[in-house]
Amino acid sequence: MINHRSDVCPPASPSSPGLILVGVCAAGKSTVANLLKAQGVLAHAVAQEHSLVPTLFQKPNHRVVYLAARWETVHRRRQMSWHRVNYLVERERLRQARQQAGLVVHTDGLTADEVAQIILRWFIRSSKA
């Protein structure tokens, strides 16, 4: 569970540094963004089909985090009628986002809380640098 300490991350303001979470469907973007928001981090989950918008990497004070998940993980989490080829196409569309992300987190085998903790620690360290 994330430590809910208000001194870890002060409440976000529009000019505060923030996070943009991208990744394949069912990687955990929305869930993790909500956990980070509860910590006062300005976090946005970007739907996978919008992840190639060129302005994604031009937002001042925002860092991009790519949430990776294997096909087996995605299929287990969502039980969707989505074929592996769709997953591979989506992953290819997100290649640029992954290459330019400041952090890539492999979410396979991790809980949403664990992923949020990894991102929060990185975000705090990178904000101080």
# chains A, B, ... in the order shown; residues from 1 in each chain; ligands from 1
call {"tool": "residues_around", "arguments": {"residues": "segment 63-80 of chain A", "least_positions_apart": "3", "cutoff": "8 Å", "atoms": "only C-alpha atoms", "output": "PyMOL selection string"}}
result
chain A and resi 17-29+57+84+87+97-98+100-108+119
call {"tool": "closest_residue", "arguments": {"among": "A:Gln96, A:Val115, A:His62, A:Val85", "to": "Val41 of chain A", "atoms": "only C-alpha atoms"}}
result
A:His62
